[in-house]
file final12.txt (compact mmCIF, C-alpha atoms)
# COMPACT_ATOMS: atom_id res chain seq x y z
CA MET I 1 -25.60 159.92 -41.25
CA ASP I 2 -23.84 162.54 -39.12
CA PRO I 3 -20.71 164.01 -40.79
CA PHE I 4 -18.58 162.82 -37.86
CA PHE I 5 -19.35 159.13 -38.44
CA GLN I 6 -19.24 159.67 -42.22
CA GLU I 7 -15.67 160.93 -41.79
CA LEU I 8 -14.70 157.73 -39.94
CA LYS I 9 -16.20 155.52 -42.63
CA GLN I 10 -14.64 157.49 -45.50
CA ALA I 11 -11.20 157.32 -43.85
CA ARG I 12 -11.53 153.54 -43.52
CA GLU I 13 -12.59 153.14 -47.14
CA ALA I 14 -9.74 155.40 -48.30
CA LYS I 15 -7.31 152.98 -46.62
CA HIS I 16 -9.08 150.05 -48.33
CA LEU I 17 -9.81 148.51 -44.93
CA THR I 18 -12.82 146.43 -43.97
CA LEU I 19 -14.40 146.38 -40.54
CA SER I 20 -12.92 142.92 -40.10
CA ASP I 21 -9.45 144.38 -40.71
CA ILE I 22 -10.01 146.95 -37.95
CA ALA I 23 -11.41 144.27 -35.62
CA ASP I 24 -8.29 142.14 -36.14
CA ALA I 25 -6.02 145.11 -35.41
CA THR I 26 -7.88 146.43 -32.34
CA LEU I 27 -9.60 143.30 -30.92
CA ILE I 28 -12.91 145.21 -31.04
CA ASN I 29 -15.95 143.17 -32.06
CA VAL I 30 -17.09 143.88 -35.64
CA LYS I 31 -20.67 144.38 -34.44
CA TYR I 32 -19.61 147.30 -32.24
CA LEU I 33 -17.64 148.83 -35.11
CA GLU I 34 -20.69 148.61 -37.36
CA GLN I 35 -22.86 150.36 -34.78
CA ILE I 36 -20.27 153.12 -34.29
CA GLU I 37 -20.20 153.84 -38.05
CA LEU I 38 -24.01 154.07 -37.95
CA GLY I 39 -23.81 156.59 -35.10
CA ASN I 40 -25.29 154.28 -32.45
CA THR I 41 -23.08 155.18 -29.47
CA GLU I 42 -25.46 154.27 -26.65
CA LEU I 43 -25.14 150.48 -26.82
CA LEU I 44 -22.23 150.48 -24.32
CA PRO I 45 -21.02 152.84 -21.56
CA GLN I 46 -19.18 155.88 -22.91
CA THR I 47 -15.88 154.69 -21.38
CA TYR I 48 -15.80 151.84 -23.91
CA ILE I 49 -17.32 153.76 -26.82
CA ARG I 50 -14.69 156.50 -26.48
CA ALA I 51 -11.89 153.92 -26.31
CA PHE I 52 -13.27 152.14 -29.40
CA ILE I 53 -13.55 155.38 -31.43
CA ARG I 54 -9.99 156.39 -30.49
CA GLU I 55 -8.60 153.01 -31.60
CA TYR I 56 -10.68 153.12 -34.80
CA ALA I 57 -9.32 156.59 -35.66
CA ALA I 58 -5.71 155.57 -35.07
CA THR I 59 -6.12 152.45 -37.23
CA VAL I 60 -7.56 154.35 -40.23
CA GLY I 61 -4.91 157.10 -40.06
CA LEU I 62 -6.90 159.88 -38.38
CA ASN I 63 -5.60 161.96 -35.46
CA PRO I 64 -7.22 160.40 -32.35
CA ASP I 65 -7.03 163.63 -30.31
CA GLU I 66 -8.73 165.67 -33.03
CA ILE I 67 -11.38 163.00 -33.54
CA MET I 68 -12.20 162.94 -29.81
CA LYS I 69 -12.53 166.75 -29.77
CA LYS I 70 -15.06 166.49 -32.60
CA TYR I 71 -16.89 163.71 -30.75
CA ASP I 72 -17.11 165.87 -27.60
CA LEU I 73 -18.57 168.74 -29.63
CA LEU I 74 -21.06 166.34 -31.20
CA ARG I 75 -22.35 165.24 -27.78
CA GLN I 76 -22.64 168.74 -26.32
CA PRO I 77 -26.21 170.06 -26.03
CA PRO I 78 -27.02 173.15 -28.14
CA VAL I 79 -26.50 176.47 -26.35
CA PRO I 80 -29.55 178.80 -26.45
CA THR I 81 -28.83 182.22 -27.92
CA ALA I 82 -30.24 185.46 -26.51
CA THR I 83 -32.43 187.45 -28.90
CA GLU I 84 -31.83 191.15 -29.39
CA PRO I 85 -34.72 193.34 -28.18
CA GLU I 86 -36.53 195.12 -30.96
CA VAL I 87 -35.93 198.86 -30.82
CA ARG I 88 -38.84 200.94 -32.03
CA THR I 89 -38.73 204.68 -32.65
CA PRO I 90 -41.55 206.40 -30.80
CA ALA I 91 -44.24 207.64 -33.20
CA ALA I 92 -44.81 211.36 -33.49
CA PRO I 93 -47.84 212.59 -31.56
CA ALA I 94 -50.99 213.14 -33.60
CA ASN I 95 -51.21 216.84 -32.67
CA GLY I 96 -47.93 217.50 -34.50
CA THR I 97 -45.80 218.12 -31.38
CA THR I 98 -42.31 216.56 -31.26
CA THR I 99 -40.85 214.37 -28.51
CA SER I 100 -38.30 216.14 -26.38
CA PRO I 101 -34.60 215.11 -26.82
CA SER I 102 -34.28 214.35 -23.11
CA LEU I 103 -37.14 211.82 -23.30
CA LEU I 104 -35.54 210.13 -26.31
CA ARG I 105 -32.25 209.85 -24.43
CA TRP I 106 -34.03 208.18 -21.53
CA VAL I 107 -35.77 205.71 -23.87
CA PHE I 108 -32.65 204.71 -25.80
CA GLY I 109 -30.59 204.56 -22.61
CA GLY I 110 -33.10 202.16 -21.04
CA VAL I 111 -33.06 199.92 -24.14
CA ALA I 112 -29.25 199.85 -24.13
CA ILE I 113 -29.16 198.86 -20.44
CA LEU I 114 -31.75 196.13 -21.03
CA GLY I 115 -29.72 194.72 -23.94
CA ALA I 116 -26.55 194.69 -21.82
CA VAL I 117 -28.35 192.81 -19.02
CA ILE I 118 -29.63 190.18 -21.48
CA ILE I 119 -26.18 189.64 -22.99
CA LEU I 120 -24.59 189.37 -19.52
CA TRP I 121 -27.23 186.86 -18.40
CA ALA I 122 -26.67 184.72 -21.51
CA SER I 123 -22.90 184.67 -20.96
CA LEU I 124 -23.28 183.65 -17.29
CA THR I 125 -25.82 180.90 -17.94
CA ARG I 126 -24.08 179.42 -20.98
CA GLU I 127 -23.05 175.88 -20.16
CA GLN I 128 -19.29 175.51 -19.89
CA PRO I 129 -17.75 172.64 -21.87
CA LYS I 130 -16.97 169.68 -19.72
CA THR I 131 -13.44 168.37 -19.56
CA VAL I 132 -13.44 164.74 -20.58
CA GLN I 133 -10.71 162.46 -19.35
CA GLU I 134 -9.69 159.98 -22.01
CA THR I 135 -9.16 156.31 -21.10
CA PRO I 136 -6.80 154.49 -23.51
CA PHE I 137 -8.26 151.32 -24.95
CA GLN I 138 -5.36 149.21 -23.70
CA LYS I 139 -5.90 150.54 -20.17
CA VAL I 140 -9.56 149.49 -20.34
CA ILE I 141 -8.52 145.99 -21.39
CA THR I 142 -5.82 145.80 -18.69
CA GLU I 143 -8.20 146.93 -15.94
CA ASN I 144 -10.70 144.24 -16.90
CA GLU I 145 -7.98 141.58 -17.09
CA GLN I 146 -6.92 142.55 -13.58
CA ARG I 147 -10.49 142.11 -12.42
CA LEU I 148 -10.50 138.65 -14.00
CA ALA I 149 -7.31 137.60 -12.16
CA PRO I 150 -8.02 135.27 -9.23
CA GLU I 151 -7.72 136.90 -5.82
CA PRO I 152 -5.07 135.49 -3.49
CA VAL I 153 -6.44 133.11 -0.91
CA GLN I 154 -5.52 133.95 2.68
CA PRO I 155 -5.13 131.00 5.06
CA LYS I 156 -7.84 130.81 7.69
CA SER I 157 -7.91 129.21 11.07
CA PRO I 158 -10.37 126.33 11.62
CA GLU I 159 -12.62 128.68 13.61
CA GLN I 160 -12.67 131.24 10.77
CA SER I 161 -13.35 128.53 8.20
CA ALA I 162 -16.34 127.32 10.17
CA VAL I 163 -17.79 130.84 10.40
CA LEU I 164 -17.00 132.07 6.87
CA ALA I 165 -17.80 128.89 4.95
CA PRO I 166 -20.50 129.52 2.33
CA PRO I 167 -23.80 127.69 2.68
CA ARG I 168 -23.89 124.27 1.10
CA ASP I 169 -26.62 125.37 -1.32
CA SER I 170 -24.68 128.42 -2.61
CA LEU I 171 -24.92 129.31 -6.30
CA SER I 172 -21.95 129.20 -8.68
CA LEU I 173 -22.14 130.91 -12.09
CA HIS I 174 -19.50 129.95 -14.69
CA ALA I 175 -18.98 131.91 -17.92
CA LEU I 176 -17.05 130.88 -21.05
CA VAL I 177 -16.52 133.80 -23.48
CA THR I 178 -16.35 133.13 -27.23
CA ASP I 179 -16.13 136.73 -28.49
CA THR I 180 -15.45 140.26 -27.20
CA VAL I 181 -18.30 141.16 -24.87
CA TRP I 182 -19.25 143.78 -22.29
CA ALA I 183 -21.03 142.45 -19.21
CA GLN I 184 -22.50 143.73 -15.97
CA VAL I 185 -23.06 141.23 -13.15
CA THR I 186 -24.74 141.87 -9.79
CA VAL I 187 -24.23 139.27 -7.05
CA ASP I 188 -27.07 139.19 -4.49
CA ALA I 189 -27.55 142.78 -3.18
CA ASN I 190 -23.96 143.89 -3.87
CA PRO I 191 -23.19 146.81 -6.24
CA PRO I 192 -23.04 145.75 -9.92
CA ARG I 193 -19.62 145.20 -11.53
CA GLU I 194 -18.75 145.77 -15.18
CA TYR I 195 -16.42 143.65 -17.32
CA LEU I 196 -14.97 143.75 -20.83
CA PHE I 197 -14.04 140.17 -21.76
CA ARG I 198 -11.80 138.95 -24.58
CA PRO I 199 -12.47 135.72 -26.49
CA ASN I 200 -11.71 132.49 -24.55
CA ALA I 201 -11.91 134.25 -21.18
CA ARG I 202 -13.44 132.37 -18.26
CA MET I 203 -15.09 133.74 -15.13
CA VAL I 204 -16.75 132.35 -12.00
CA TRP I 205 -19.06 134.20 -9.59
CA LYS I 206 -20.44 132.95 -6.25
CA ALA I 207 -23.77 134.01 -4.74
CA ARG I 208 -26.03 133.06 -1.88
CA ASP I 209 -29.36 133.74 -3.59
CA GLN I 210 -29.15 135.25 -7.10
CA PHE I 211 -27.26 136.82 -10.01
CA THR I 212 -28.48 139.67 -12.25
CA VAL I 213 -26.79 139.74 -15.66
CA THR I 214 -26.71 142.37 -18.44
CA LEU I 215 -24.79 141.70 -21.68
CA GLY I 216 -23.81 143.83 -24.68
CA ASN I 217 -23.20 140.82 -26.95
CA ALA I 218 -25.48 138.20 -25.46
CA GLY I 219 -24.60 135.33 -27.78
CA ALA I 220 -20.89 135.51 -26.96
CA VAL I 221 -21.06 133.94 -23.47
CA GLN I 222 -21.98 130.38 -22.48
CA PHE I 223 -23.23 130.16 -18.87
CA THR I 224 -23.40 127.27 -16.42
CA LEU I 225 -25.29 127.66 -13.14
CA ASN I 226 -23.99 125.11 -10.64
CA GLN I 227 -24.06 121.99 -12.84
CA LYS I 228 -26.86 123.16 -15.16
CA LYS I 229 -25.77 124.40 -18.61
CA LEU I 230 -27.77 127.48 -19.52
CA GLY I 231 -25.99 128.27 -22.79
CA ALA I 232 -26.20 131.80 -24.22
CA LEU I 233 -28.74 134.24 -22.76
CA GLY I 234 -29.41 135.93 -26.12
CA LYS I 235 -28.37 136.24 -29.75
CA PRO I 236 -24.92 137.31 -31.05
CA GLY I 237 -24.76 141.10 -31.13
CA GLY I 238 -27.97 141.39 -29.11
CA VAL I 239 -28.37 143.16 -25.78
CA VAL I 240 -30.10 141.51 -22.79
CA ARG I 241 -30.77 143.42 -19.59
CA ASN I 242 -31.26 142.35 -15.97
CA VAL I 243 -31.58 138.59 -16.52
CA LEU I 244 -32.27 137.05 -13.09
CA LEU I 245 -30.62 133.69 -12.28
CA THR I 246 -31.72 132.00 -9.04
CA ARG I 247 -32.32 128.49 -7.63
CA GLU I 248 -35.61 128.55 -9.52
CA THR I 249 -33.55 128.66 -12.73
CA LEU I 250 -32.11 125.25 -11.80
CA LYS I 251 -35.63 123.79 -11.69
CA GLN I 252 -36.54 124.99 -15.18
CA PRO I 253 -36.40 122.36 -18.00

call {"tool": "encode", "arguments": {"input": "final12.txt", "output": "structure tokens"}}
result
Amino acid sequence: MDPFFQELKQAREAKHLTLSDIADATLINVKYLEQIELGNTELLPQTYIRAFIREYAATVGLNPDEIMKKYDLLRQPPVPTATEPEVRTPAAPANGTTTSPSLLRWVFGGVAILGAVIILWASLTREQPKTVQETPFQKVITENEQRLAPEPVQPKSPEQSAVLAPPRDSLSLHALVTDTVWAQVTVDANPPREYLFRPNARMVWKARDQFTVTLGNAGAVQFTLNQKKLGALGKPGGVVRNVLLTRETLKQP
């Protein structure tokens, strides 16, 4: 286990806290906390992972800013180091003659210039550390709650209603959330949208032809397509990717 994640776990154990205690305090799913302690930080987008680690650190008494600096260093790729050129002293000629001082000065001067060029090249090509903008966990939750809020309905004229009315065979996808879950939903050919749902949240999407669903905790959402109950798309804590829901799904037993 990497020392960074070992530090998190040891701080939690020093406070006599369980992962369930941290989940209750932060509203983060226990399964995500377990994966973070194991060093598996690729199961969700980094926006959420960083927010989860910051909240974890604050709960166990660590300095969140210092912890995030260590996490940034952990994720940085190693920087290649330039090797020093080997300097060899010219061998004395076999006939016993000695090398002139001026020639030696030229040789050592050339080696010194070559070494300076290598060091300058290494300093110019070294990757600069990227500045990472932190997103507080509460802000992540608030942004997703705002996305869940129903959009205001603007009154339409009868002519507009006739033109903009969805087709009678449109698809309606309902979701009932039972646990904290990250989701990505694509409606028809529109850009995908990401969500971070709390337990007991509800969501409805409308589509003309299809939905594409990816879940970070597949067993935590119960889906209904039109009037057909689909249930969960996977197991609790499991990840499902690019599940396609269409009118053909309604015909399946």

call {"tool": "closest_residue", "arguments": {"input": "final12.txt", "among": "I:His174, I:Arg193, I:Arg198, I:Arg208", "to": "Gln227 in chain I", "atoms": "all atoms listed in the file"}}
result
I:His174

call {"tool": "atom_distance", "arguments": {"input": "final12.txt", "atom1": "CA of Leu250 in chain I", "atom2": "CA of Ala220 in chain I"}}
result
21.5 Å

call {"tool": "closest_residue", "arguments": {"input": "final12.txt", "among": "I:Ala207, I:Leu196, I:Leu33, I:Val185", "to": "Val243 in chain I", "atoms": "all atoms listed in the file"}}
result
I:Val185

call {"tool": "residues_near_point", "arguments": {"input": "final12.txt", "point": "(-22.4, 161.6, -29.5)", "cutoff": "10 Å", "atoms": "only C-alpha atoms", "output": "ChimeraX atom specification"}}
result
/I:2,4-5,36,39-42,46,49-50,70-77

call {"tool": "closest_residue", "arguments": {"input": "final12.txt", "among": "I:Phe52, I:Asn226, I:Lys69, I:Glu37", "to": "Met1 in chain I", "atoms": "all atoms listed in the file"}}
result
I:Glu37

call {"tool": "axis_aligned_box", "arguments": {"input": "final12.txt", "around": "range 5-10 of chain I", "padding_each_side": "6 Å", "output": "lines of an AutoDock Vina configuration file"}}
result
center_x = -17.0
center_y = 158.2
center_z = -42.0
size_x = 16.7
size_y = 17.4
size_z = 19.1

call {"tool": "atom_distance", "arguments": {"input": "final12.txt", "atom1": "CA of Glu34 in chain I", "atom2": "CA of Val213 in chain I"}}
result
24.2 Å

call {"tool": "residues_around", "arguments": {"input": "final12.txt", "residues": "Lys229 in chain I", "least_positions_apart": "4", "cutoff": "10 Å", "atoms": "only C-alpha atoms", "output": "PyMOL selection string"}}
result
chain I and resi 173-174+222-225+250

call {"tool": "atom_distance", "arguments": {"input": "final12.txt", "atom1": "CA of Gly237 in chain I", "atom2": "CA of Asn200 in chain I"}}
result
17.0 Å

call {"tool": "residues_around", "arguments": {"input": "final12.txt", "residues": "Lys31 in chain I", "least_positions_apart": "4", "cutoff": "12 Å", "atoms": "all atoms listed in the file", "output": "list in words"}}
result
Leu19, Ser20, Ile22, Ala23, Leu27, Gln35, Ile36, Glu37, Leu38, Asn40, Leu43, Leu44, Phe52, Asp179, Thr180, Val181, Gly216, Asn217, Ala218, Gly219, Ala220, Pro236, Gly237, Gly238 and Val239 of chain I

call {"tool": "write_last_selection", "arguments": {"input": "final12.txt", "atoms": "C-alpha atoms", "output": "PDB file, in the coordinates of the input"}}
result
ATOM      1  CA  LEU I  19     -14.400 146.380 -40.540  1.00  0.00           C
ATOM      2  CA  SER I  20     -12.920 142.920 -40.100  1.00  0.00           C
ATOM      3  CA  ILE I  22     -10.010 146.950 -37.950  1.00  0.00           C
ATOM      4  CA  ALA I  23     -11.410 144.270 -35.620  1.00  0.00           C
ATOM      5  CA  LEU I  27      -9.600 143.300 -30.920  1.00  0.00           C
ATOM      6  CA  GLN I  35     -22.860 150.360 -34.780  1.00  0.00           C
ATOM      7  CA  ILE I  36     -20.270 153.120 -34.290  1.00  0.00           C
ATOM      8  CA  GLU I  37     -20.200 153.840 -38.050  1.00  0.00           C
ATOM      9  CA  LEU I  38     -24.010 154.070 -37.950  1.00  0.00           C
ATOM     10  CA  ASN I  40     -25.290 154.280 -32.450  1.00  0.00           C
ATOM     11  CA  LEU I  43     -25.140 150.480 -26.820  1.00  0.00           C
ATOM     12  CA  LEU I  44     -22.230 150.480 -24.320  1.00  0.00           C
ATOM     13  CA  PHE I  52     -13.270 152.140 -29.400  1.00  0.00           C
ATOM     14  CA  ASP I 179     -16.130 136.730 -28.490  1.00  0.00           C
ATOM     15  CA  THR I 180     -15.450 140.260 -27.200  1.00  0.00           C
ATOM     16  CA  VAL I 181     -18.300 141.160 -24.870  1.00  0.00           C
ATOM     17  CA  GLY I 216     -23.810 143.830 -24.680  1.00  0.00           C
ATOM     18  CA  ASN I 217     -23.200 140.820 -26.950  1.00  0.00           C
ATOM     19  CA  ALA I 218     -25.480 138.200 -25.460  1.00  0.00           C
ATOM     20  CA  GLY I 219     -24.600 135.330 -27.780  1.00  0.00           C
ATOM     21  CA  ALA I 220     -20.890 135.510 -26.960  1.00  0.00           C
ATOM     22  CA  PRO I 236     -24.920 137.310 -31.050  1.00  0.00           C
ATOM     23  CA  GLY I 237     -24.760 141.100 -31.130  1.00  0.00           C
ATOM     24  CA  GLY I 238     -27.970 141.390 -29.110  1.00  0.00           C
ATOM     25  CA  VAL I 239     -28.370 143.160 -25.780  1.00  0.00           C
TER      26      VAL I 239
END

call {"tool": "closest_residue", "arguments": {"input": "final12.txt", "among": "I:Pro253, I:Val204, I:Tyr195, I:Val177", "to": "Val221 in chain I", "atoms": "only C-alpha atoms"}}
result
I:Val177

call {"tool": "decode", "arguments": {"input": "final12.txt", "residues": "range 171-198 of chain I", "atoms": "N, CA and C atoms", "output": "PDB file, in the first residue's frame"}}
result
ATOM      1  N   LEU I 171     -39.648   8.191 -24.931  1.00  0.00           N
ATOM      2  CA  LEU I 171     -39.202   7.361 -23.816  1.00  0.00           C
ATOM      3  C   LEU I 171     -39.053   8.207 -22.557  1.00  0.00           C
ATOM      4  N   SER I 172     -39.410   7.620 -21.433  1.00  0.00           N
ATOM      5  CA  SER I 172     -39.290   8.286 -20.136  1.00  0.00           C
ATOM      6  C   SER I 172     -38.566   7.343 -19.177  1.00  0.00           C
ATOM      7  N   LEU I 173     -37.413   7.804 -18.658  1.00  0.00           N
ATOM      8  CA  LEU I 173     -36.604   6.986 -17.742  1.00  0.00           C
ATOM      9  C   LEU I 173     -36.674   7.575 -16.337  1.00  0.00           C
ATOM     10  N   HIS I 174     -37.194   6.795 -15.387  1.00  0.00           N
ATOM     11  CA  HIS I 174     -37.316   7.214 -13.993  1.00  0.00           C
ATOM     12  C   HIS I 174     -36.250   6.495 -13.164  1.00  0.00           C
ATOM     13  N   ALA I 175     -35.661   7.227 -12.213  1.00  0.00           N
ATOM     14  CA  ALA I 175     -34.632   6.650 -11.344  1.00  0.00           C
ATOM     15  C   ALA I 175     -34.971   6.929  -9.889  1.00  0.00           C
ATOM     16  N   LEU I 176     -34.906   5.905  -9.042  1.00  0.00           N
ATOM     17  CA  LEU I 176     -35.065   6.031  -7.600  1.00  0.00           C
ATOM     18  C   LEU I 176     -33.759   5.591  -6.956  1.00  0.00           C
ATOM     19  N   VAL I 177     -33.089   6.500  -6.226  1.00  0.00           N
ATOM     20  CA  VAL I 177     -31.759   6.259  -5.678  1.00  0.00           C
ATOM     21  C   VAL I 177     -31.886   5.772  -4.239  1.00  0.00           C
ATOM     22  N   THR I 178     -31.195   4.686  -3.910  1.00  0.00           N
ATOM     23  CA  THR I 178     -31.242   4.130  -2.555  1.00  0.00           C
ATOM     24  C   THR I 178     -29.952   4.356  -1.776  1.00  0.00           C
ATOM     25  N   ASP I 179     -28.886   4.803  -2.469  1.00  0.00           N
ATOM     26  CA  ASP I 179     -27.601   5.021  -1.811  1.00  0.00           C
ATOM     27  C   ASP I 179     -26.832   6.069  -2.621  1.00  0.00           C
ATOM     28  N   THR I 180     -25.752   6.605  -2.050  1.00  0.00           N
ATOM     29  CA  THR I 180     -24.939   7.576  -2.781  1.00  0.00           C
ATOM     30  C   THR I 180     -24.387   6.923  -4.043  1.00  0.00           C
ATOM     31  N   VAL I 181     -24.541   7.607  -5.175  1.00  0.00           N
ATOM     32  CA  VAL I 181     -24.141   7.009  -6.443  1.00  0.00           C
ATOM     33  C   VAL I 181     -23.748   8.107  -7.430  1.00  0.00           C
ATOM     34  N   TRP I 182     -22.695   7.810  -8.214  1.00  0.00           N
ATOM     35  CA  TRP I 182     -22.311   8.675  -9.329  1.00  0.00           C
ATOM     36  C   TRP I 182     -22.877   8.079 -10.600  1.00  0.00           C
ATOM     37  N   ALA I 183     -23.440   8.945 -11.462  1.00  0.00           N
ATOM     38  CA  ALA I 183     -24.056   8.463 -12.694  1.00  0.00           C
ATOM     39  C   ALA I 183     -23.715   9.390 -13.845  1.00  0.00           C
ATOM     40  N   GLN I 184     -23.677   8.813 -15.029  1.00  0.00           N
ATOM     41  CA  GLN I 184     -23.538   9.581 -16.269  1.00  0.00           C
ATOM     42  C   GLN I 184     -24.629   9.103 -17.211  1.00  0.00           C
ATOM     43  N   VAL I 185     -25.444  10.046 -17.713  1.00  0.00           N
ATOM     44  CA  VAL I 185     -26.583   9.700 -18.562  1.00  0.00           C
ATOM     45  C   VAL I 185     -26.499  10.511 -19.855  1.00  0.00           C
ATOM     46  N   THR I 186     -26.610   9.816 -20.984  1.00  0.00           N
ATOM     47  CA  THR I 186     -26.637  10.466 -22.293  1.00  0.00           C
ATOM     48  C   THR I 186     -28.017  10.261 -22.892  1.00  0.00           C
ATOM     49  N   VAL I 187     -28.671  11.357 -23.274  1.00  0.00           N
ATOM     50  CA  VAL I 187     -30.003  11.315 -23.865  1.00  0.00           C
ATOM     51  C   VAL I 187     -29.873  11.503 -25.376  1.00  0.00           C
ATOM     52  N   ASP I 188     -30.294  10.473 -26.140  1.00  0.00           N
ATOM     53  CA  ASP I 188     -30.180  10.503 -27.602  1.00  0.00           C
ATOM     54  C   ASP I 188     -28.731  10.834 -27.989  1.00  0.00           C
ATOM     55  N   ALA I 189     -28.533  11.851 -28.846  1.00  0.00           N
ATOM     56  CA  ALA I 189     -27.182  12.219 -29.296  1.00  0.00           C
ATOM     57  C   ALA I 189     -26.655  13.449 -28.562  1.00  0.00           C
ATOM     58  N   ASN I 190     -27.274  13.825 -27.450  1.00  0.00           N
ATOM     59  CA  ASN I 190     -26.830  14.989 -26.684  1.00  0.00           C
ATOM     60  C   ASN I 190     -25.552  14.668 -25.912  1.00  0.00           C
ATOM     61  N   PRO I 191     -24.806  15.686 -25.477  1.00  0.00           N
ATOM     62  CA  PRO I 191     -23.606  15.428 -24.659  1.00  0.00           C
ATOM     63  C   PRO I 191     -23.982  14.747 -23.349  1.00  0.00           C
ATOM     64  N   PRO I 192     -23.148  13.852 -22.834  1.00  0.00           N
ATOM     65  CA  PRO I 192     -23.455  13.175 -21.568  1.00  0.00           C
ATOM     66  C   PRO I 192     -23.437  14.153 -20.398  1.00  0.00           C
ATOM     67  N   ARG I 193     -24.258  13.873 -19.379  1.00  0.00           N
ATOM     68  CA  ARG I 193     -24.301  14.686 -18.159  1.00  0.00           C
ATOM     69  C   ARG I 193     -23.992  13.793 -16.962  1.00  0.00           C
ATOM     70  N   GLU I 194     -23.241  14.355 -16.005  1.00  0.00           N
ATOM     71  CA  GLU I 194     -22.845  13.612 -14.818  1.00  0.00           C
ATOM     72  C   GLU I 194     -23.655  14.079 -13.603  1.00  0.00           C
ATOM     73  N   TYR I 195     -23.910  13.130 -12.691  1.00  0.00           N
ATOM     74  CA  TYR I 195     -24.690  13.408 -11.496  1.00  0.00           C
ATOM     75  C   TYR I 195     -24.045  12.715 -10.299  1.00  0.00           C
ATOM     76  N   LEU I 196     -24.215  13.312  -9.121  1.00  0.00           N
ATOM     77  CA  LEU I 196     -23.850  12.668  -7.861  1.00  0.00           C
ATOM     78  C   LEU I 196     -25.085  12.713  -6.980  1.00  0.00           C
ATOM     79  N   PHE I 197     -25.788  11.570  -6.867  1.00  0.00           N
ATOM     80  CA  PHE I 197     -27.072  11.505  -6.189  1.00  0.00           C
ATOM     81  C   PHE I 197     -26.903  11.090  -4.730  1.00  0.00           C
ATOM     82  N   ARG I 198     -27.739  11.662  -3.869  1.00  0.00           N
ATOM     83  CA  ARG I 198     -27.851  11.217  -2.479  1.00  0.00           C
ATOM     84  C   ARG I 198     -28.960  10.174  -2.356  1.00  0.00           C
TER      85      ARG I 198
END
